[in-house]
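A quick write-up on the structure given underneath.
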Amino acid sequence: MNLWQQLEVRGRDNLKLGQSWKMYAVDLDKCGYGWAEVKFARKSEHDEYLTNDTVFGNIQYSDLEKRGRIL
């Protein structure tokens, strides 16, 4: 898995989201070294992100980066 995929999995776990939530944005180091702000939304049946149904939060990712996973 690449870093994006790992962040998506960790973000879903930390924010307690189901598989229907998809990560659409990430800001590495937004909150300080080793932390990322992640943004999730659900998708419509037309595969478009629903902007009225979003969640965001901060997750630690420094341990993922140390394993050599790069975007």
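In the structure tokens, chains take the letters A, B, ... in the order shown, each chain's residues start at 1, and ligands count up from 1 in the order shown.
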Name the residues in contact with Leu28 in chain A at a cut-off of 10 Å, using only C-alpha atoms, excluding same-chain residues fewer than 2 positions from it; report them as a list in words.
-> Ala25, Val26, Lys30, Cys31, Gly32, Tyr33, Gly34, Trp35, Ala36, Glu37, Val38, Asn58, Ile59, Gln60, Tyr61 and Ser62 of chain A
Taking all heavy atoms for each residue, export the selection above as a compact mmCIF listing (two decimals), in the first residue's frame.
```txt
# COMPACT_ATOMS: atom_id res chain seq x y z
N ALA A 25 -8.79 14.47 0.41
CA ALA A 25 -7.73 15.46 0.59
C ALA A 25 -6.91 15.11 1.81
O ALA A 25 -7.41 14.53 2.78
CB ALA A 25 -8.33 16.85 0.76
N VAL A 26 -5.64 15.45 1.75
CA VAL A 26 -4.74 15.27 2.90
C VAL A 26 -3.75 16.42 2.90
O VAL A 26 -3.28 16.85 1.84
CB VAL A 26 -4.02 13.90 2.84
CG1 VAL A 26 -3.13 13.77 1.63
CG2 VAL A 26 -3.23 13.66 4.11
N LYS A 30 0.08 19.58 8.55
CA LYS A 30 -0.79 20.72 8.82
C LYS A 30 -0.79 21.05 10.31
O LYS A 30 -0.85 22.20 10.70
CB LYS A 30 -2.21 20.40 8.35
CG LYS A 30 -3.27 21.35 8.84
CD LYS A 30 -3.70 22.28 7.79
CE LYS A 30 -4.83 23.16 8.30
NZ LYS A 30 -5.09 24.24 7.44
N CYS A 31 -0.71 20.02 11.14
CA CYS A 31 -0.85 20.19 12.59
C CYS A 31 0.47 19.98 13.32
O CYS A 31 0.49 19.80 14.52
CB CYS A 31 -1.88 19.21 13.12
SG CYS A 31 -3.43 19.37 12.27
N GLY A 32 1.56 19.99 12.64
CA GLY A 32 2.86 19.75 13.27
C GLY A 32 3.50 18.50 12.69
O GLY A 32 2.85 17.71 12.02
N TYR A 33 4.76 18.32 12.96
CA TYR A 33 5.50 17.22 12.37
C TYR A 33 4.87 15.88 12.69
O TYR A 33 4.58 15.56 13.84
CB TYR A 33 6.96 17.22 12.83
CG TYR A 33 7.72 16.05 12.27
CD1 TYR A 33 8.11 16.06 10.93
CD2 TYR A 33 7.98 14.94 13.04
CE1 TYR A 33 8.77 14.98 10.38
CE2 TYR A 33 8.64 13.85 12.50
CZ TYR A 33 9.03 13.88 11.17
OH TYR A 33 9.67 12.80 10.63
N GLY A 34 4.68 15.09 11.67
CA GLY A 34 4.17 13.75 11.84
C GLY A 34 2.66 13.63 11.90
O GLY A 34 2.14 12.53 12.05
N TRP A 35 1.97 14.73 11.79
CA TRP A 35 0.50 14.71 11.82
C TRP A 35 -0.04 15.22 10.50
O TRP A 35 0.55 16.08 9.85
CB TRP A 35 -0.02 15.60 12.95
CG TRP A 35 0.21 14.98 14.29
CD1 TRP A 35 1.37 15.04 15.02
CD2 TRP A 35 -0.69 14.18 15.04
NE1 TRP A 35 1.23 14.33 16.18
CE2 TRP A 35 -0.02 13.80 16.22
CE3 TRP A 35 -2.00 13.76 14.82
CZ2 TRP A 35 -0.63 13.01 17.19
CZ3 TRP A 35 -2.60 12.98 15.80
CH2 TRP A 35 -1.92 12.61 16.96
N ALA A 36 -1.16 14.68 10.09
CA ALA A 36 -1.79 15.07 8.83
C ALA A 36 -3.26 15.37 9.07
O ALA A 36 -3.91 14.72 9.89
CB ALA A 36 -1.66 13.96 7.80
N GLU A 37 -3.76 16.36 8.35
CA GLU A 37 -5.20 16.59 8.34
C GLU A 37 -5.78 15.82 7.17
O GLU A 37 -5.30 15.96 6.04
CB GLU A 37 -5.50 18.08 8.19
CG GLU A 37 -7.00 18.37 8.17
CD GLU A 37 -7.30 19.84 7.97
OE1 GLU A 37 -7.06 20.32 6.83
OE2 GLU A 37 -7.72 20.48 8.92
N VAL A 38 -6.77 14.99 7.42
CA VAL A 38 -7.40 14.20 6.37
C VAL A 38 -8.86 14.59 6.25
O VAL A 38 -9.50 14.94 7.24
CB VAL A 38 -7.27 12.68 6.65
CG1 VAL A 38 -5.83 12.23 6.51
CG2 VAL A 38 -7.81 12.31 8.02
N ASN A 58 -7.47 14.90 12.36
CA ASN A 58 -6.01 14.83 12.33
C ASN A 58 -5.57 13.44 12.77
O ASN A 58 -6.10 12.88 13.73
CB ASN A 58 -5.42 15.87 13.27
CG ASN A 58 -5.85 17.26 12.89
OD1 ASN A 58 -5.80 17.63 11.73
ND2 ASN A 58 -6.30 18.04 13.85
N ILE A 59 -4.60 12.91 12.04
CA ILE A 59 -4.07 11.59 12.36
C ILE A 59 -2.55 11.64 12.33
O ILE A 59 -1.95 12.45 11.62
CB ILE A 59 -4.57 10.50 11.38
CG1 ILE A 59 -4.15 10.81 9.95
CG2 ILE A 59 -6.07 10.33 11.49
CD1 ILE A 59 -4.36 9.68 8.98
N GLN A 60 -1.94 10.77 13.11
CA GLN A 60 -0.49 10.68 13.11
C GLN A 60 -0.05 9.76 11.98
O GLN A 60 -0.67 8.72 11.74
CB GLN A 60 0.00 10.13 14.44
CG GLN A 60 1.49 10.23 14.60
CD GLN A 60 1.93 9.91 16.00
OE1 GLN A 60 1.17 9.38 16.80
NE2 GLN A 60 3.17 10.22 16.31
N TYR A 61 0.99 10.17 11.28
CA TYR A 61 1.46 9.34 10.16
C TYR A 61 2.96 9.15 10.15
O TYR A 61 3.50 8.46 9.27
CB TYR A 61 1.02 9.93 8.81
CG TYR A 61 1.84 11.11 8.35
CD1 TYR A 61 2.91 10.92 7.46
CD2 TYR A 61 1.59 12.38 8.79
CE1 TYR A 61 3.67 11.98 7.04
CE2 TYR A 61 2.35 13.45 8.37
CZ TYR A 61 3.39 13.25 7.50
OH TYR A 61 4.16 14.30 7.10
N SER A 62 3.69 9.71 11.11
CA SER A 62 5.15 9.66 11.06
C SER A 62 5.68 8.22 11.02
O SER A 62 6.69 7.95 10.39
CB SER A 62 5.76 10.42 12.23
OG SER A 62 5.28 9.90 13.46
```
Residues of chain A in strand (DSSP E), written as a PyMOL selection string | chain A and resi 21-28+35-43+49-60
List every residue of chain A that DSSP, applied to the backbone of this structure, assigns to helix (DSSP H, G or I), and report them as a PDB file with C-alpha atoms, in the first residue's frame.
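And here's result.pdb as it stands now:
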```
ATOM      1  CA  LEU A   3       1.099   6.321   1.798  1.00  0.00           C
ATOM      2  CA  TRP A   4      -2.245   7.662   0.517  1.00  0.00           C
ATOM      3  CA  GLN A   5      -3.898   4.266   0.979  1.00  0.00           C
ATOM      4  CA  GLN A   6      -2.394   3.836   4.434  1.00  0.00           C
ATOM      5  CA  LEU A   7      -3.591   7.304   5.475  1.00  0.00           C
ATOM      6  CA  GLU A   8      -7.071   6.489   4.211  1.00  0.00           C
ATOM      7  CA  VAL A   9      -7.205   3.260   6.237  1.00  0.00           C
ATOM      8  CA  ARG A  10      -5.824   4.906   9.371  1.00  0.00           C
ATOM      9  CA  GLY A  11      -8.128   7.896   8.957  1.00  0.00           C
ATOM     10  CA  ARG A  12     -11.187   5.663   8.670  1.00  0.00           C
ATOM     11  CA  ASP A  13     -10.108   3.717  11.753  1.00  0.00           C
ATOM     12  CA  ASN A  14      -9.309   6.788  13.880  1.00  0.00           C
ATOM     13  CA  LEU A  15     -12.430   8.684  12.837  1.00  0.00           C
ATOM     14  CA  SER A  62       5.151   9.656  11.063  1.00  0.00           C
ATOM     15  CA  ASP A  63       5.446   5.889  11.624  1.00  0.00           C
ATOM     16  CA  LEU A  64       4.079   5.250   8.116  1.00  0.00           C
ATOM     17  CA  GLU A  65       6.587   7.597   6.526  1.00  0.00           C
ATOM     18  CA  LYS A  66       9.497   5.908   8.316  1.00  0.00           C
TER      19      LYS A  66
END
```
From CA of Thr54 in chain A to CA of Met1 in chain A the spacing works out at 24.1 Å
